[in-house]
Amino acid sequence: MGAVIGEILPLALGVAISPIPIIAAILMLLSPKARVTSVGFLLGWVLGIVVAVTLFTLLSSILPEQDADGSKPVAGVIKLVLGAGLLLLAIRQWRGRPKAGEEPTMPKWMQAIDKVTFPVAFGLGFLLSAVNPKNLLMAAAAGVDIGSAGLDTGSIVLVIGVFTLIAASTVLVPVVGYLIAAEKLRGPLDALRVWLGKENAVIMAVLLLVIGVSLIGKGIGSF
């Protein structure tokens, strides 16, 4: 089980370091309905991660057994495809980065984030974690690692729990921190929002490149 946790840690961090969901959570924390919408967003974010990684774990558990020589060709092909997908997303992010002196473009839905309700915030959190292409690729890669490791049910639940905790941490920490000390965190959260907005594309491009290359390496090693 320890080896599997080691395999999924970079993938969980890949989900965690997602500037757009973090910015969305911060905007909700700075809105008039902070305590309601931020909690809804957090719950949706966590549920989306659990659903995605659990689904891919169940799907990968039906993959053919590994060969006698220890190779896992099917899992290897899947990892190669997922790694290539992440590299394509990295290139897209890099090309879409704002030029020098240009203001970054945020999604239009962020402009109306002050008006969202608990159900909308919950749904938004779920969509950003479970349907976002980048997170889906990360969850799929983690699911392949977990489902093909031959773990018992208890160990699978524990590993998914570890993955979820790490992946959700960057939304969980500011939301919980705000609920405890709202006034002290307003300034730092706003500064973090501005910085993430400017560096979003570069952060994601580098992150996707590193994890994509890592997945391709694991895929080659599976043969």
# chains A, B, ... in the order shown; residues from 1 in each chain; ligands from 1

$ residues_around --residues "stretch 154-167 of chain A" --least-positions-apart "6" --cutoff "7 Å" --atoms "only C-alpha atoms" --output "compact mmCIF listing (two decimals) with N, CA and C atoms, in the first residue's frame"
# COMPACT_ATOMS: atom_id res chain seq x y z
N MET A 1 0.82 -1.21 0.00
CA MET A 1 0.00 0.00 0.00
C MET A 1 0.86 1.26 0.00
N ILE A 5 0.65 4.59 -2.53
CA ILE A 5 0.52 5.97 -2.06
C ILE A 5 1.63 6.83 -2.64
N ILE A 8 0.76 7.74 -6.24
CA ILE A 8 -0.33 8.68 -6.49
C ILE A 8 -0.09 10.08 -5.91
N LEU A 9 0.92 10.23 -5.06
CA LEU A 9 1.18 11.53 -4.44
C LEU A 9 1.36 12.66 -5.46
N ALA A 12 -2.01 13.53 -6.90
CA ALA A 12 -2.85 14.26 -5.95
C ALA A 12 -2.41 15.72 -5.87
N LEU A 13 -1.11 15.95 -5.87
CA LEU A 13 -0.59 17.32 -5.86
C LEU A 13 -0.97 18.05 -7.14
N VAL A 15 -3.71 17.69 -8.80
CA VAL A 15 -5.10 18.16 -8.63
C VAL A 15 -5.13 19.34 -7.65
N ALA A 16 -4.35 19.23 -6.58
CA ALA A 16 -4.35 20.26 -5.54
C ALA A 16 -3.88 21.61 -6.08
N VAL A 46 -14.64 18.12 -2.93
CA VAL A 46 -14.23 16.84 -2.33
C VAL A 46 -15.00 15.67 -2.95
N ILE A 49 -13.75 14.77 -6.46
CA ILE A 49 -12.48 14.04 -6.43
C ILE A 49 -12.72 12.58 -6.08
N VAL A 50 -13.54 12.34 -5.04
CA VAL A 50 -13.82 10.97 -4.60
C VAL A 50 -14.49 10.18 -5.72
N ILE A 146 -4.10 2.54 -8.42
CA ILE A 146 -4.77 1.92 -7.28
C ILE A 146 -5.44 0.61 -7.68

$ residues_around --residues "A:Leu185" --least-positions-apart "2" --cutoff "12 Å" --atoms "only C-alpha atoms" --output "count of residues only"
21

$ closest_atom_pairs --of "stretch 134-214 of chain A" --to "stretch 74-91 of chain A" --cutoff "9 Å" --atoms "only C-alpha atoms" --output "tab-separated table"
residue	atom	partner	partner_atom	distance
A:Lys134	CA	A:Leu86	CA	7.0
A:Leu137	CA	A:Leu82	CA	6.1
A:Met138	CA	A:Leu82	CA	8.1
A:Ala140	CA	A:Leu82	CA	7.9
A:Ala141	CA	A:Lys79	CA	6.5
A:Val144	CA	A:Ala75	CA	6.8
A:Asp145	CA	A:Ala75	CA	8.3
A:Ser148	CA	A:Ala75	CA	7.7
A:Ala201	CA	A:Ala90	CA	8.8
A:Val202	CA	A:Ala90	CA	9.0
A:Met204	CA	A:Ala90	CA	6.8
A:Ala205	CA	A:Ala90	CA	4.2
A:Val206	CA	A:Ala90	CA	6.9
A:Leu207	CA	A:Ala90	CA	7.7
A:Leu208	CA	A:Ala90	CA	5.1
A:Leu209	CA	A:Leu87	CA	5.4
A:Val210	CA	A:Leu87	CA	8.6
A:Ile211	CA	A:Gly83	CA	7.3
A:Gly212	CA	A:Gly83	CA	4.1
A:Val213	CA	A:Gly83	CA	6.3
A:Ser214	CA	A:Gly83	CA	7.5

$ write_last_selection --atoms "N, CA, C and O atoms" --output "mmCIF file, in the first residue's frame"
data_model
loop_
_atom_site.group_PDB
_atom_site.id
_atom_site.type_symbol
_atom_site.label_atom_id
_atom_site.label_comp_id
_atom_site.auth_asym_id
_atom_site.auth_seq_id
_atom_site.Cartn_x
_atom_site.Cartn_y
_atom_site.Cartn_z
ATOM 1 N N LYS A 134 -8.159 18.184 -17.024
ATOM 2 C CA LYS A 134 -6.879 17.957 -16.350
ATOM 3 C C LYS A 134 -7.057 17.064 -15.139
ATOM 4 O O LYS A 134 -6.307 16.098 -14.935
ATOM 5 N N LEU A 137 -7.770 13.411 -16.070
ATOM 6 C CA LEU A 137 -6.566 12.664 -16.445
ATOM 7 C C LEU A 137 -5.778 12.258 -15.205
ATOM 8 O O LEU A 137 -5.257 11.140 -15.125
ATOM 9 N N MET A 138 -5.689 13.167 -14.233
ATOM 10 C CA MET A 138 -4.989 12.849 -12.982
ATOM 11 C C MET A 138 -5.709 11.733 -12.223
ATOM 12 O O MET A 138 -5.087 10.792 -11.722
ATOM 13 N N ALA A 140 -7.731 9.516 -13.469
ATOM 14 C CA ALA A 140 -7.616 8.269 -14.228
ATOM 15 C C ALA A 140 -6.275 7.597 -13.969
ATOM 16 O O ALA A 140 -6.199 6.378 -13.769
ATOM 17 N N ALA A 141 -5.212 8.394 -13.968
ATOM 18 C CA ALA A 141 -3.881 7.835 -13.711
ATOM 19 C C ALA A 141 -3.804 7.259 -12.302
ATOM 20 O O ALA A 141 -3.251 6.168 -12.084
ATOM 21 N N VAL A 144 -5.757 3.983 -12.136
ATOM 22 C CA VAL A 144 -5.006 2.864 -12.729
ATOM 23 C C VAL A 144 -3.992 2.318 -11.738
ATOM 24 O O VAL A 144 -3.845 1.105 -11.567
ATOM 25 N N ASP A 145 -3.289 3.225 -11.049
ATOM 26 C CA ASP A 145 -2.303 2.792 -10.047
ATOM 27 C C ASP A 145 -2.966 2.025 -8.906
ATOM 28 O O ASP A 145 -2.484 0.976 -8.474
ATOM 29 N N SER A 148 -4.940 -1.419 -10.184
ATOM 30 C CA SER A 148 -4.097 -2.502 -10.703
ATOM 31 C C SER A 148 -3.071 -2.990 -9.684
ATOM 32 O O SER A 148 -2.229 -3.833 -10.005
ATOM 33 N N ALA A 201 -1.500 30.207 -15.919
ATOM 34 C CA ALA A 201 -1.117 29.441 -17.107
ATOM 35 C C ALA A 201 0.275 28.833 -16.971
ATOM 36 O O ALA A 201 0.500 27.673 -17.332
ATOM 37 N N VAL A 202 1.221 29.607 -16.447
ATOM 38 C CA VAL A 202 2.589 29.111 -16.303
ATOM 39 C C VAL A 202 2.651 27.984 -15.277
ATOM 40 O O VAL A 202 3.299 26.949 -15.502
ATOM 41 N N MET A 204 0.279 25.903 -14.353
ATOM 42 C CA MET A 204 -0.352 24.698 -14.876
ATOM 43 C C MET A 204 0.475 24.061 -15.982
ATOM 44 O O MET A 204 0.556 22.836 -16.083
ATOM 45 N N ALA A 205 1.098 24.874 -16.836
ATOM 46 C CA ALA A 205 1.912 24.331 -17.920
ATOM 47 C C ALA A 205 3.084 23.521 -17.369
ATOM 48 O O ALA A 205 3.347 22.394 -17.820
ATOM 49 N N VAL A 206 3.793 24.079 -16.398
ATOM 50 C CA VAL A 206 4.935 23.377 -15.800
ATOM 51 C C VAL A 206 4.481 22.117 -15.073
ATOM 52 O O VAL A 206 5.082 21.046 -15.205
ATOM 53 N N LEU A 207 3.403 22.241 -14.309
ATOM 54 C CA LEU A 207 2.885 21.100 -13.556
ATOM 55 C C LEU A 207 2.471 19.959 -14.478
ATOM 56 O O LEU A 207 2.830 18.793 -14.263
ATOM 57 N N LEU A 208 1.713 20.282 -15.519
ATOM 58 C CA LEU A 208 1.248 19.259 -16.453
ATOM 59 C C LEU A 208 2.416 18.621 -17.202
ATOM 60 O O LEU A 208 2.400 17.420 -17.475
ATOM 61 N N LEU A 209 3.411 19.429 -17.535
ATOM 62 C CA LEU A 209 4.590 18.902 -18.226
ATOM 63 C C LEU A 209 5.311 17.875 -17.357
ATOM 64 O O LEU A 209 5.636 16.769 -17.810
ATOM 65 N N VAL A 210 5.555 18.226 -16.093
ATOM 66 C CA VAL A 210 6.289 17.334 -15.186
ATOM 67 C C VAL A 210 5.524 16.027 -14.969
ATOM 68 O O VAL A 210 6.086 14.926 -15.077
ATOM 69 N N ILE A 211 4.229 16.125 -14.676
ATOM 70 C CA ILE A 211 3.446 14.916 -14.402
ATOM 71 C C ILE A 211 3.238 14.118 -15.669
ATOM 72 O O ILE A 211 3.242 12.874 -15.646
ATOM 73 N N GLY A 212 3.070 14.788 -16.802
ATOM 74 C CA GLY A 212 2.923 14.072 -18.070
ATOM 75 C C GLY A 212 4.149 13.255 -18.416
ATOM 76 O O GLY A 212 4.050 12.084 -18.804
ATOM 77 N N VAL A 213 5.325 13.857 -18.252
ATOM 78 C CA VAL A 213 6.574 13.140 -18.511
ATOM 79 C C VAL A 213 6.723 11.962 -17.542
ATOM 80 O O VAL A 213 7.151 10.869 -17.920
ATOM 81 N N SER A 214 6.349 12.195 -16.280
ATOM 82 C CA SER A 214 6.424 11.121 -15.269
ATOM 83 C C SER A 214 5.530 9.959 -15.642
ATOM 84 O O SER A 214 5.932 8.791 -15.537
#
